[in-house]
Structure formats: structure tokens, C-alpha cells
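File shown: model-v4.pdb (PDB, C-alpha atoms).
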ATOM      1  CA  MET A   1     -15.136  10.727  24.859
ATOM      2  CA  PRO A   2     -11.580  12.079  25.326
ATOM      3  CA  THR A   3      -9.047   9.845  27.040
ATOM      4  CA  PRO A   4      -8.695  10.894  30.727
ATOM      5  CA  GLY A   5      -5.726  13.169  31.247
ATOM      6  CA  LEU A   6      -5.652  14.486  27.692
ATOM      7  CA  PRO A   7      -6.577  18.062  26.812
ATOM      8  CA  PRO A   8      -9.979  18.551  25.163
ATOM      9  CA  THR A   9      -8.356  19.812  21.950
ATOM     10  CA  PHE A  10      -5.414  18.259  20.175
ATOM     11  CA  SER A  11      -2.915  20.638  18.628
ATOM     12  CA  ILE A  12      -0.108  19.250  16.486
ATOM     13  CA  ALA A  13       1.926  22.326  17.333
ATOM     14  CA  SER A  14       1.777  21.604  21.083
ATOM     15  CA  ILE A  15       3.160  18.067  21.028
ATOM     16  CA  ASP A  16       6.750  17.111  21.794
ATOM     17  CA  ALA A  17       7.788  15.735  18.394
ATOM     18  CA  GLN A  18      10.890  13.977  19.731
ATOM     19  CA  ARG A  19       8.950  12.172  22.442
ATOM     20  CA  VAL A  20       6.252  11.154  19.961
ATOM     21  CA  GLU A  21       8.815   9.800  17.512
ATOM     22  CA  GLU A  22      10.613   7.858  20.237
ATOM     23  CA  ALA A  23       7.311   6.294  21.280
ATOM     24  CA  LEU A  24       6.358   5.509  17.682
ATOM     25  CA  ALA A  25       9.754   3.828  17.249
ATOM     26  CA  ARG A  26       8.638   1.328  19.912
ATOM     27  CA  ILE A  27       5.169   0.546  18.611
ATOM     28  CA  GLY A  28       5.543   1.211  14.891
ATOM     29  CA  PRO A  29       7.757  -1.658  13.640
ATOM     30  CA  LYS A  30       5.861  -4.249  11.604
ATOM     31  CA  TRP A  31       4.111  -7.026  13.571
ATOM     32  CA  THR A  32       4.444  -5.206  16.933
ATOM     33  CA  THR A  33       0.741  -4.358  17.111
ATOM     34  CA  TRP A  34      -0.282  -7.782  15.856
ATOM     35  CA  THR A  35       1.953  -9.417  18.485
ATOM     36  CA  ALA A  36       0.550  -7.207  21.259
ATOM     37  CA  MET A  37      -3.031  -8.019  20.253
ATOM     38  CA  THR A  38      -2.244 -11.743  20.126
ATOM     39  CA  LEU A  39      -0.905 -11.578  23.686
ATOM     40  CA  ALA A  40      -3.951  -9.573  24.782
ATOM     41  CA  GLN A  41      -6.238 -12.168  23.235
ATOM     42  CA  ALA A  42      -4.475 -14.945  25.149
ATOM     43  CA  ASN A  43      -4.834 -13.022  28.437
ATOM     44  CA  GLY A  44      -1.863 -14.835  29.928
ATOM     45  CA  PRO A  45       1.723 -15.989  29.227
ATOM     46  CA  VAL A  46       2.239 -17.219  25.662
ATOM     47  CA  ARG A  47       5.241 -18.992  24.159
ATOM     48  CA  VAL A  48       6.945 -17.743  21.011
ATOM     49  CA  ARG A  49       5.705 -20.648  18.892
ATOM     50  CA  ASP A  50       2.100 -19.956  19.890
ATOM     51  CA  VAL A  51       2.436 -16.265  18.987
ATOM     52  CA  ALA A  52       4.049 -17.209  15.681
ATOM     53  CA  ALA A  53       1.090 -19.455  14.884
ATOM     54  CA  GLN A  54      -1.095 -16.324  14.750
ATOM     55  CA  LEU A  55       1.228 -14.325  12.460
ATOM     56  CA  PRO A  56       0.883 -15.426   8.828
ATOM     57  CA  PHE A  57       4.058 -15.738   6.754
ATOM     58  CA  VAL A  58       6.351 -14.851   9.686
ATOM     59  CA  SER A  59       8.929 -17.300  10.983
ATOM     60  CA  GLU A  60       9.093 -18.348  14.611
ATOM     61  CA  GLN A  61      12.655 -17.021  14.721
ATOM     62  CA  PHE A  62      11.526 -13.562  13.633
ATOM     63  CA  VAL A  63       8.676 -13.535  16.161
ATOM     64  CA  GLY A  64      11.218 -14.386  18.854
ATOM     65  CA  LYS A  65      13.312 -11.396  17.792
ATOM     66  CA  ARG A  66      10.280  -9.122  17.729
ATOM     67  CA  LEU A  67       9.260 -10.237  21.243
ATOM     68  CA  ALA A  68      12.836  -9.716  22.457
ATOM     69  CA  THR A  69      12.711  -6.147  21.120
ATOM     70  CA  MET A  70       9.324  -5.557  22.750
ATOM     71  CA  HIS A  71      10.760  -6.952  26.002
ATOM     72  CA  ALA A  72      13.699  -4.531  25.841
ATOM     73  CA  ASP A  73      11.240  -1.698  25.196
ATOM     74  CA  GLY A  74       9.100  -2.638  28.193
ATOM     75  CA  LEU A  75       6.012  -3.708  26.224
ATOM     76  CA  VAL A  76       6.145  -7.348  27.331
ATOM     77  CA  ILE A  77       7.551  -9.184  30.332
ATOM     78  CA  ARG A  78       8.640 -12.720  31.150
ATOM     79  CA  ASP A  79       8.025 -14.436  34.467
ATOM     80  CA  ASP A  80      10.574 -17.090  33.497
ATOM     81  CA  ASP A  81      13.726 -15.919  31.714
ATOM     82  CA  ARG A  82      14.853 -19.410  30.824
ATOM     83  CA  ARG A  83      15.083 -20.248  27.124
ATOM     84  CA  GLY A  84      11.596 -20.722  25.718
ATOM     85  CA  GLY A  85       9.907 -18.942  28.621
ATOM     86  CA  PRO A  86       6.532 -17.374  27.731
ATOM     87  CA  TYR A  87       5.768 -13.681  27.331
ATOM     88  CA  ARG A  88       2.835 -11.554  28.433
ATOM     89  CA  LEU A  89       1.963  -7.897  28.067
ATOM     90  CA  SER A  90       3.420  -5.543  30.647
ATOM     91  CA  ALA A  91       1.361  -2.766  32.212
ATOM     92  CA  LEU A  92       2.909  -0.434  29.618
ATOM     93  CA  GLY A  93       1.935  -2.786  26.801
ATOM     94  CA  THR A  94      -1.613  -3.146  28.095
ATOM     95  CA  SER A  95      -1.913   0.640  28.359
ATOM     96  CA  LEU A  96      -1.475   0.835  24.582
ATOM     97  CA  ALA A  97      -5.188   0.062  24.120
ATOM     98  CA  PRO A  98      -6.422   3.699  23.962
ATOM     99  CA  VAL A  99      -3.546   4.620  21.628
ATOM    100  CA  LEU A 100      -4.448   1.809  19.238
ATOM    101  CA  ARG A 101      -8.120   2.806  19.344
ATOM    102  CA  THR A 102      -7.228   6.396  18.459
ATOM    103  CA  VAL A 103      -4.989   5.270  15.592
ATOM    104  CA  SER A 104      -7.678   2.904  14.326
ATOM    105  CA  ASP A 105     -10.382   5.588  14.443
ATOM    106  CA  TRP A 106      -8.122   8.053  12.607
ATOM    107  CA  SER A 107      -7.401   5.472   9.925
ATOM    108  CA  ARG A 108     -11.055   4.565   9.485
ATOM    109  CA  THR A 109     -12.060   8.209   9.159
ATOM    110  CA  HIS A 110      -9.230   9.534   7.011
ATOM    111  CA  LEU A 111      -7.411   6.649   5.282
ATOM    112  CA  THR A 112      -9.665   3.754   4.357
ATOM    113  CA  GLN A 113     -13.079   2.531   5.417
ATOM    114  CA  GLU A 114     -12.763  -0.885   3.827
ATOM    115  CA  PRO A 115     -13.201  -3.772   6.288
ATOM    116  CA  MET A 116      -9.962  -5.227   7.622
ATOM    117  CA  ALA A 117      -8.605  -6.741  10.793
ATOM    118  CA  GLU A 118      -7.955  -4.089  13.435
ATOM    119  CA  ALA A 119      -4.303  -5.091  13.863
ATOM    120  CA  GLU A 120      -3.830  -4.794  10.110
ATOM    121  CA  ARG A 121      -5.490  -1.366  10.113
ATOM    122  CA  VAL A 122      -3.381  -0.053  12.989
ATOM    123  CA  GLU A 123      -0.127  -1.386  11.565
ATOM    124  CA  ASP A 124      -0.892   0.199   8.195
ATOM    125  CA  ALA A 125      -1.521   3.538   9.923
ATOM    126  CA  LEU A 126       1.590   3.328  12.116
ATOM    127  CA  ARG A 127       3.682   2.482   9.058
ATOM    128  CA  ARG A 128       2.804   5.950   7.756
ATOM    129  CA  LEU A 129       3.764   7.660  11.021
ATOM    130  CA  HIS A 130       6.746   6.021  12.664
ATOM    131  CA  LEU A 131       9.475   6.928  10.160
ATOM    132  CA  ARG A 132      11.948   9.217  11.915
ATOM    133  CA  HIS A 133      11.495  12.974  11.312
ATOM    134  CA  SER A 134       8.029  12.509   9.790
ATOM    135  CA  THR A 135       6.412  14.021  12.894
ATOM    136  CA  THR A 136       8.753  17.012  12.717
ATOM    137  CA  VAL A 137       7.872  17.666   9.066
ATOM    138  CA  ILE A 138       4.139  17.419   9.755
ATOM    139  CA  GLN A 139       4.499  19.733  12.737
ATOM    140  CA  ALA A 140       6.370  22.265  10.581
ATOM    141  CA  LEU A 141       3.602  22.211   7.968
ATOM    142  CA  ASP A 142       0.950  22.554  10.646
ATOM    143  CA  SER A 143       2.706  25.565  12.184
ATOM    144  CA  ALA A 144       2.641  27.310   8.809
ATOM    145  CA  ASP A 145      -1.168  27.434   9.012
ATOM    146  CA  GLY A 146      -1.368  27.007   5.266
ATOM    147  CA  GLN A 147       1.024  26.494   2.378
ATOM    148  CA  MET A 148       4.759  26.060   2.885
ATOM    149  CA  ARG A 149       7.601  25.841   0.390
ATOM    150  CA  PHE A 150      10.174  23.081   0.491
ATOM    151  CA  VAL A 151      13.114  25.187   1.641
ATOM    152  CA  HIS A 152      11.090  26.549   4.572
ATOM    153  CA  ILE A 153       9.934  23.050   5.589
ATOM    154  CA  ALA A 154      13.526  21.796   5.646
ATOM    155  CA  GLU A 155      14.603  24.801   7.692
ATOM    156  CA  ALA A 156      11.719  24.549  10.171
ATOM    157  CA  ALA A 157      12.244  20.790  10.624
ATOM    158  CA  GLY A 158      16.021  21.176  10.968
ATOM    159  CA  LEU A 159      16.728  18.707   8.148
ATOM    160  CA  ASP A 160      19.105  18.824   5.219
ATOM    161  CA  ASN A 161      17.464  19.147   1.828
ATOM    162  CA  GLY A 162      17.998  15.516   0.835
ATOM    163  CA  LEU A 163      16.379  14.053   3.949
ATOM    164  CA  ALA A 164      13.562  16.603   3.913
ATOM    165  CA  ARG A 165      12.775  15.684   0.307
ATOM    166  CA  GLN A 166      12.739  11.968   1.141
ATOM    167  CA  ARG A 167      10.288  12.515   3.983
ATOM    168  CA  LEU A 168       8.005  14.701   1.880
ATOM    169  CA  VAL A 169       7.929  12.134  -0.923
ATOM    170  CA  ARG A 170       7.032   9.399   1.568
ATOM    171  CA  LEU A 171       4.397  11.532   3.309
ATOM    172  CA  GLN A 172       2.834  12.345  -0.061
ATOM    173  CA  ALA A 173       2.718   8.648  -0.969
ATOM    174  CA  ASP A 174       1.089   7.919   2.391
ATOM    175  CA  GLY A 175      -1.608  10.553   1.878
ATOM    176  CA  LEU A 176      -0.586  12.911   4.686
ATOM    177  CA  VAL A 177       0.927  15.725   2.607
ATOM    178  CA  THR A 178       0.175  17.071  -0.853
ATOM    179  CA  ARG A 179       1.382  19.848  -3.130
ATOM    180  CA  THR A 180      -0.678  22.760  -4.318
ATOM    181  CA  GLY A 181       0.453  22.280  -7.918
ATOM    182  CA  SER A 182       2.610  20.182 -10.220
ATOM    183  CA  ARG A 183       5.290  22.763 -10.920
ATOM    184  CA  HIS A 184       8.687  22.649  -9.286
ATOM    185  CA  GLY A 185       8.668  24.906  -6.238
ATOM    186  CA  ASP A 186       4.921  24.740  -5.605
ATOM    187  CA  PRO A 187       4.295  24.721  -1.842
ATOM    188  CA  TYR A 188       3.129  21.792   0.267
ATOM    189  CA  VAL A 189       0.092  21.505   2.534
ATOM    190  CA  LEU A 190      -1.240  18.895   4.932
ATOM    191  CA  THR A 191      -4.088  16.748   3.680
ATOM    192  CA  ASP A 192      -7.199  16.257   5.814
ATOM    193  CA  ALA A 193      -5.599  13.104   7.206
ATOM    194  CA  GLY A 194      -2.456  15.027   8.126
ATOM    195  CA  GLN A 195      -4.410  17.838   9.746
ATOM    196  CA  ALA A 196      -6.319  15.300  11.860
ATOM    197  CA  LEU A 197      -3.195  13.792  13.436
ATOM    198  CA  GLY A 198      -3.399  15.946  16.567
ATOM    199  CA  ALA A 199      -5.441  13.382  18.519
ATOM    200  CA  VAL A 200      -3.110  10.554  17.477
ATOM    201  CA  TYR A 201       0.012  12.442  18.490
ATOM    202  CA  ALA A 202      -1.537  13.543  21.783
ATOM    203  CA  SER A 203      -2.515   9.964  22.600
ATOM    204  CA  VAL A 204       0.972   8.645  21.788
ATOM    205  CA  GLU A 205       2.639  11.400  23.811
ATOM    206  CA  HIS A 206       0.332  10.768  26.767
ATOM    207  CA  TRP A 207       1.116   7.036  26.643
ATOM    208  CA  SER A 208       4.877   7.739  26.525
ATOM    209  CA  GLN A 209       4.964   9.627  29.824
ATOM    210  CA  PRO A 210       5.881   6.644  32.085
ATOM    211  CA  PHE A 211       9.085   5.784  30.226
ATOM    212  CA  ALA A 212       9.836   9.445  29.483
ATOM    213  CA  LEU A 213       9.850  10.120  33.243
ATOM    214  CA  ARG A 214      12.335   7.275  33.739
ATOM    215  CA  GLY A 215      14.977   9.222  31.899
ATOM    216  CA  GLY A 216      14.013   9.018  28.268
ATOM    217  CA  THR A 217      14.054   6.277  25.718
ATOM    218  CA  ALA A 218      16.824   4.547  23.896
ATOM    219  CA  PRO A 219      17.534   5.677  20.351
ATOM    220  CA  PRO A 220      15.280   3.979  17.814
ATOM    221  CA  ARG A 221      16.742   0.660  16.738
ATOM    222  CA  PRO A 222      16.349  -0.902  13.328
ATOM    223  CA  ALA A 223      13.978  -3.853  13.285
ATOM    224  CA  ALA A 224      15.501  -7.246  12.721
ATOM    225  CA  ALA A 225      15.239  -8.422   9.152
ATOM    226  CA  ALA A 226      12.205 -10.590   8.589
ATOM    227  CA  MET A 227      12.743 -14.151   7.482
ATOM    228  CA  ARG A 228      10.596 -16.248   5.182
ATOM    229  CA  THR A 229       8.472 -18.969   6.654
ATOM    230  CA  HIS A 230       7.883 -20.520   3.228
ATOM    231  CA  VAL A 231       9.809 -20.379   0.000
ATOM    232  CA  GLY A 232       8.240 -18.095  -2.571
ATOM    233  CA  ILE A 233       6.432 -15.849  -0.064
ATOM    234  CA  PRO A 234       8.463 -12.646   0.421
ATOM    235  CA  LEU A 235       8.269 -10.529   3.547
ATOM    236  CA  GLY A 236       9.455  -7.248   2.038
ATOM    237  CA  ALA A 237       7.202  -4.854   0.157
ATOM    238  CA  GLY A 238       5.439  -7.854  -1.387
ATOM    239  CA  ALA A 239       4.230  -8.988   2.032
ATOM    240  CA  ASP A 240       1.816  -6.068   2.066
ATOM    241  CA  GLY A 241       0.138  -7.337  -1.089
ATOM    242  CA  ALA A 242      -3.003  -9.287  -1.764
ATOM    243  CA  ARG A 243      -1.778 -12.638  -0.472
ATOM    244  CA  THR A 244      -0.766 -11.350   2.947
ATOM    245  CA  ALA A 245      -3.864  -9.155   3.234
ATOM    246  CA  ALA A 246      -6.061 -12.147   2.504
ATOM    247  CA  ALA A 247      -4.247 -14.272   5.073
ATOM    248  CA  LEU A 248      -4.386 -11.574   7.746
ATOM    249  CA  ARG A 249      -8.116 -11.165   7.329
ATOM    250  CA  ARG A 250      -8.631 -14.900   7.697
ATOM    251  CA  SER A 251      -6.354 -15.159  10.731
ATOM    252  CA  ALA A 252      -7.811 -15.966  14.117
ATOM    253  CA  ALA A 253      -5.517 -13.256  15.486
ATOM    254  CA  ALA A 254      -7.835 -10.606  14.061
ATOM    255  CA  SER A 255      -9.322 -10.130  17.514
ATOM    256  CA  ASN A 256     -10.307  -6.735  18.879
ATOM    257  CA  VAL A 257      -9.475  -7.626  22.474
ATOM    258  CA  MET A 258      -7.434  -4.430  22.876
ATOM    259  CA  PHE A 259     -10.253  -2.330  21.433
ATOM    260  CA  SER A 260     -13.484  -1.183  23.052
ATOM    261  CA  HIS A 261     -15.573  -1.436  19.889
ATOM    262  CA  ALA A 262     -16.732  -4.685  18.332
ATOM    263  CA  PRO A 263     -14.751  -6.190  15.454
ATOM    264  CA  GLN A 264     -15.902  -5.515  11.948
ATOM    265  CA  GLN A 265     -17.092  -8.487   9.937
ATOM    266  CA  GLN A 266     -14.332  -9.548   7.595
ATOM    267  CA  PRO A 267     -14.950  -9.957   3.856
ATOM    268  CA  ARG A 268     -15.193 -13.461   2.444
ATOM    269  CA  VAL A 269     -12.008 -14.413   0.620
ATOM    270  CA  SER A 270     -12.493 -16.015  -2.767
ATOM    271  CA  ALA A 271     -11.188 -19.522  -3.427
ATOM    272  CA  ALA A 272      -8.783 -18.139  -6.054
ATOM    273  CA  VAL A 273      -7.150 -15.787  -3.555
ATOM    274  CA  THR A 274      -7.029 -18.547  -0.942
ATOM    275  CA  ALA A 275      -5.227 -20.824  -3.368
ATOM    276  CA  ARG A 276      -2.680 -18.143  -4.209
ATOM    277  CA  SER A 277      -1.999 -17.393  -0.542
ATOM    278  CA  ALA A 278      -1.505 -21.036   0.466
ATOM    279  CA  PRO A 279       2.056 -21.756   1.673
ATOM    280  CA  GLY A 280       4.416 -23.470  -0.737
ATOM    281  CA  ARG A 281       5.618 -26.988  -0.207
ATOM    282  CA  GLY A 282       9.280 -26.200  -0.650
ATOM    283  CA  ARG A 283      11.667 -25.227   2.128
TER     284      ARG A 283
END

Step by step, read the file and then write its structure as C-alpha cells.
Amino acid sequence: MPTPGLPPTFSIASIDAQRVEEALARIGPKWTTWTAMTLAQANGPVRVRDVAAQLPFVSEQFVGKRLATMHADGLVIRDDDRRGGPYRLSALGTSLAPVLRTVSDWSRTHLTQEPMAEAERVEDALRRLHLRHSTTVIQALDSADGQMRFVHIAEAAGLDNGLARQRLVRLQADGLVTRTGSRHGDPYVLTDAGQALGAVYASVEHWSQPFALRGGTAPPRPAAAAMRTHVGIPLGAGADGARTAAALRRSAAASNVMFSHAPQQQPRVSAAVTARSAPGRGR
């Protein structure tokens, strides 16, 4: 059933790409969805240390920075601004639920059907979408109604050749764009996953209306650098590997409180993987 207030059909061409990208800049940074779902699960004010306890391999200091960013973006609020005061979801943060459901359904249909925690699924999907100018490139390809050569994509998206190439390489790696051949100069097309993004973009744009009406959003800010909770467990690209995935699926934070559908049963993690994902003793 369509979300109330949204049009019955979802056209990528009709969305406001800048508004969508500004909204994605708020909800796309790593651990934002997981933090929001942890707060929703608690259904009340939660202190930083209690949120951090639900985020594997993330330091309490980093969670505090992520919550501070979410507070500045209006996703969470504090009833007590004193140091250590707890956070809870704002009305804007709570209203993310239909957006996250749409993103999750798109991922399950077009990216991967393997069982995983919903927060993990949504964050993986948003990672593919929230990079600046990605929406513009996808919209340009959609408007072509077929194949489009690189130079025309860069021109339509208003990007220089270097940045346009970077975005296309990333979108190809993320499964949203592909090329019609292997030769230099062969045109690009949207994959099925890319073509199906209309509903996701429409949902994000619809959600962004309250802060768009207040005069627009602040420019996207870089996320604070993640810190290690334990020695030997990186939080860069390696954090998306088998050890983190195993820990996320075991985490009690894998609740679907913000989702209308029941959680999927998580796969049993083998003892070997559990041993590898156990935190180190060193500091």
C-alpha cells in the first residue's frame, strides 16, 4: 500500500535530486540507522553508553559524536542538555519508519535476499545511495530512457569528467549502473535495482518536506572518524567484513521496532566465526 501523501507512481525524473541528497546526507552516514532503531527499541530516553552497548565494535565516544550529529540534524532530541543527558527520537526521527521500510523492501527485492538484521540491510542500501551527486547521475541516466554515453551523463548531471567518472565507477560497484559493453566509450544504463529507485527517492523526498519548509538543510557534513573499541578490529572498509557482519546479526539491536513487518530469523553463526569476531584483550 503506498505511503499516504505519495503519488501512486514513482518517477525518478520527477524528484528533486538536491532535496533527496540533502536528506540522504542526514540518514545515510554509517550507524545512523542502527542508532535510530536502538532508540526506537528503547521507546524512551537512552544514554550514550547504553546506545553504544548495542553497536558492535563502535566506541562510546564515536556514538556520542553520531548522536550529536543526529541532534543537530533534528533526528533526536534531549530533554536534559547537561553532560551525559539521554537522547530519544524526535518526531522527525520517528517519521523515518516508512522511509526505512521502503529502503529495506528495495534492498530485499533488488540487492540481496540473504537474511540479515534490518538495520544492517538498510545501512548497506543507504551506503549505495547517499554519496553526493549519485542521485543526479542516476536521474540523468533515467531521463535518457535507455543507453547514455559518459560525456552526456557528465553534461546532464552538471559534473566535471573526473567526478562523473568516480560516481559511475562507484555506482557500478554498488550494482546500480552497468555498461553495455567492455570497450571504452560504450554507453551506460541503469540496472534493475537502479531503475527501481523511484519509490525510495519519493519516500525520502516526502520525509524531507518538514525541514525543507523550514528553509532548507545545512550542507552535508563529513561524518566524524570512527574510533576503535578494541585493538585489532578496524572500523574502515574492514568493518564491513565477516567479523562485523557476524556480530551485527548476533546483536540484540537487530530489532525491527521501526518496521511494520516481522524480523527475519537470523542465521546461526558458527563457533569459528564467533571466535574470530571476539574482541581482543589488548587496549

Closest to A:Pro98 among A:Val122, A:Val169, A:Pro86, A:His152, using only C-alpha atoms?
A:Val122

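Checking A:Ala144, A:Lys30, A:Ser95, A:Ala72 one by one against A:Val204, counting all atoms listed in the file, you find the shortest gap at A:Ser95.
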
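Taking atom CA of A:Ala97 as the reference point, atom CA of A:Glu118 is found at 11.8 Å.
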
Env of A:Ala157: 7 Å cut, atoms = only C-alpha atoms, seq-sep filter 3 positions within chain, self excluded. Answer as a list in words.
Thr136, Val137, Ala140, Ile153 and Ala154 of chain A

Save out the residues we just selected, C-alpha atoms, as a PDB file, keeping the file's coordinate frame.
ATOM      1  CA  THR A 136       8.753  17.012  12.717  1.00  0.00           C
ATOM      2  CA  VAL A 137       7.872  17.666   9.066  1.00  0.00           C
ATOM      3  CA  ALA A 140       6.370  22.265  10.581  1.00  0.00           C
ATOM      4  CA  ILE A 153       9.934  23.050   5.589  1.00  0.00           C
ATOM      5  CA  ALA A 154      13.526  21.796   5.646  1.00  0.00           C
TER       6      ALA A 154
END

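Nearest-residue note for A:Leu39: choosing from A:Arg82, A:Arg66, A:Arg19, A:Arg88, the minimum distance belongs to A:Arg88, counting all atoms listed in the file.
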
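Using all atoms listed in the file for every distance, the candidate list A:Ala196, A:Arg108, A:Ala125, A:Gln147 yields A:Gln147 as the residue closest to A:Gly181.
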
Counting all atoms listed in the file, what is within 12 Å of A:Ala156, bar same-chain residues fewer than 5 positions away, as a PDB file with C-alpha atoms, in the frame of the given file?
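What landed in selection-v7.pdb:
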ATOM      1  CA  HIS A 133      11.495  12.974  11.312  1.00  0.00           C
ATOM      2  CA  THR A 136       8.753  17.012  12.717  1.00  0.00           C
ATOM      3  CA  VAL A 137       7.872  17.666   9.066  1.00  0.00           C
ATOM      4  CA  ILE A 138       4.139  17.419   9.755  1.00  0.00           C
ATOM      5  CA  GLN A 139       4.499  19.733  12.737  1.00  0.00           C
ATOM      6  CA  ALA A 140       6.370  22.265  10.581  1.00  0.00           C
ATOM      7  CA  LEU A 141       3.602  22.211   7.968  1.00  0.00           C
ATOM      8  CA  ASP A 142       0.950  22.554  10.646  1.00  0.00           C
ATOM      9  CA  SER A 143       2.706  25.565  12.184  1.00  0.00           C
ATOM     10  CA  ALA A 144       2.641  27.310   8.809  1.00  0.00           C
ATOM     11  CA  MET A 148       4.759  26.060   2.885  1.00  0.00           C
ATOM     12  CA  ARG A 149       7.601  25.841   0.390  1.00  0.00           C
ATOM     13  CA  PHE A 150      10.174  23.081   0.491  1.00  0.00           C
ATOM     14  CA  VAL A 151      13.114  25.187   1.641  1.00  0.00           C
ATOM     15  CA  ASN A 161      17.464  19.147   1.828  1.00  0.00           C
ATOM     16  CA  ALA A 164      13.562  16.603   3.913  1.00  0.00           C
TER      17      ALA A 164
END

Residue nearest A:His130 - candidates A:Ser11, A:Gln172, A:Gln18, A:Thr180, atoms counted: all atoms listed in the file
A:Gln18

One decimal, in Å: what's the spacing between atom CA of A:Asp79 and atom CA of A:Trp31?
22.5 Å

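A straight line drawn from atom CA of A:Leu24 to atom CA of A:Arg132 is 8.8 Å long.
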
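If you measure from each of A:Arg121, A:Arg127, A:Arg26, A:Arg183 to A:Thr69 using all atoms listed in the file, the closest one turns out to be A:Arg26.
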
Test item: the PyMOL selection byres ((chain A and resi 23) around 12) resolved as a PyMOL selection string
chain A and resi 16-22+24-29+73-75+92-93+96+99+126+129-132+135+200-212+216-221

Scan for residues within 12 Å of the point (0.8, -9.6, 17.6) in the coordinates of the file, using only C-alpha atoms, and reply as a PyMOL selection string.
chain A and resi 27+29-42+46+48+50-56+58+63-64+66-67+70+75-76+87-89+93+117-120+122-123+248+251-258

Output C-alpha atoms for every residue in that selection, as a PDB file, keeping the file's coordinate frame.
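Result went into result-v7.pdb, see below:
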ATOM      1  CA  ILE A  27       5.169   0.546  18.611  1.00  0.00           C
ATOM      2  CA  PRO A  29       7.757  -1.658  13.640  1.00  0.00           C
ATOM      3  CA  LYS A  30       5.861  -4.249  11.604  1.00  0.00           C
ATOM      4  CA  TRP A  31       4.111  -7.026  13.571  1.00  0.00           C
ATOM      5  CA  THR A  32       4.444  -5.206  16.933  1.00  0.00           C
ATOM      6  CA  THR A  33       0.741  -4.358  17.111  1.00  0.00           C
ATOM      7  CA  TRP A  34      -0.282  -7.782  15.856  1.00  0.00           C
ATOM      8  CA  THR A  35       1.953  -9.417  18.485  1.00  0.00           C
ATOM      9  CA  ALA A  36       0.550  -7.207  21.259  1.00  0.00           C
ATOM     10  CA  MET A  37      -3.031  -8.019  20.253  1.00  0.00           C
ATOM     11  CA  THR A  38      -2.244 -11.743  20.126  1.00  0.00           C
ATOM     12  CA  LEU A  39      -0.905 -11.578  23.686  1.00  0.00           C
ATOM     13  CA  ALA A  40      -3.951  -9.573  24.782  1.00  0.00           C
ATOM     14  CA  GLN A  41      -6.238 -12.168  23.235  1.00  0.00           C
ATOM     15  CA  ALA A  42      -4.475 -14.945  25.149  1.00  0.00           C
ATOM     16  CA  VAL A  46       2.239 -17.219  25.662  1.00  0.00           C
ATOM     17  CA  VAL A  48       6.945 -17.743  21.011  1.00  0.00           C
ATOM     18  CA  ASP A  50       2.100 -19.956  19.890  1.00  0.00           C
ATOM     19  CA  VAL A  51       2.436 -16.265  18.987  1.00  0.00           C
ATOM     20  CA  ALA A  52       4.049 -17.209  15.681  1.00  0.00           C
ATOM     21  CA  ALA A  53       1.090 -19.455  14.884  1.00  0.00           C
ATOM     22  CA  GLN A  54      -1.095 -16.324  14.750  1.00  0.00           C
ATOM     23  CA  LEU A  55       1.228 -14.325  12.460  1.00  0.00           C
ATOM     24  CA  PRO A  56       0.883 -15.426   8.828  1.00  0.00           C
ATOM     25  CA  VAL A  58       6.351 -14.851   9.686  1.00  0.00           C
ATOM     26  CA  VAL A  63       8.676 -13.535  16.161  1.00  0.00           C
ATOM     27  CA  GLY A  64      11.218 -14.386  18.854  1.00  0.00           C
ATOM     28  CA  ARG A  66      10.280  -9.122  17.729  1.00  0.00           C
ATOM     29  CA  LEU A  67       9.260 -10.237  21.243  1.00  0.00           C
ATOM     30  CA  MET A  70       9.324  -5.557  22.750  1.00  0.00           C
ATOM     31  CA  LEU A  75       6.012  -3.708  26.224  1.00  0.00           C
ATOM     32  CA  VAL A  76       6.145  -7.348  27.331  1.00  0.00           C
ATOM     33  CA  TYR A  87       5.768 -13.681  27.331  1.00  0.00           C
ATOM     34  CA  ARG A  88       2.835 -11.554  28.433  1.00  0.00           C
ATOM     35  CA  LEU A  89       1.963  -7.897  28.067  1.00  0.00           C
ATOM     36  CA  GLY A  93       1.935  -2.786  26.801  1.00  0.00           C
ATOM     37  CA  ALA A 117      -8.605  -6.741  10.793  1.00  0.00           C
ATOM     38  CA  GLU A 118      -7.955  -4.089  13.435  1.00  0.00           C
ATOM     39  CA  ALA A 119      -4.303  -5.091  13.863  1.00  0.00           C
ATOM     40  CA  GLU A 120      -3.830  -4.794  10.110  1.00  0.00           C
ATOM     41  CA  VAL A 122      -3.381  -0.053  12.989  1.00  0.00           C
ATOM     42  CA  GLU A 123      -0.127  -1.386  11.565  1.00  0.00           C
ATOM     43  CA  LEU A 248      -4.386 -11.574   7.746  1.00  0.00           C
ATOM     44  CA  SER A 251      -6.354 -15.159  10.731  1.00  0.00           C
ATOM     45  CA  ALA A 252      -7.811 -15.966  14.117  1.00  0.00           C
ATOM     46  CA  ALA A 253      -5.517 -13.256  15.486  1.00  0.00           C
ATOM     47  CA  ALA A 254      -7.835 -10.606  14.061  1.00  0.00           C
ATOM     48  CA  SER A 255      -9.322 -10.130  17.514  1.00  0.00           C
ATOM     49  CA  ASN A 256     -10.307  -6.735  18.879  1.00  0.00           C
ATOM     50  CA  VAL A 257      -9.475  -7.626  22.474  1.00  0.00           C
ATOM     51  CA  MET A 258      -7.434  -4.430  22.876  1.00  0.00           C
TER      52      MET A 258
END
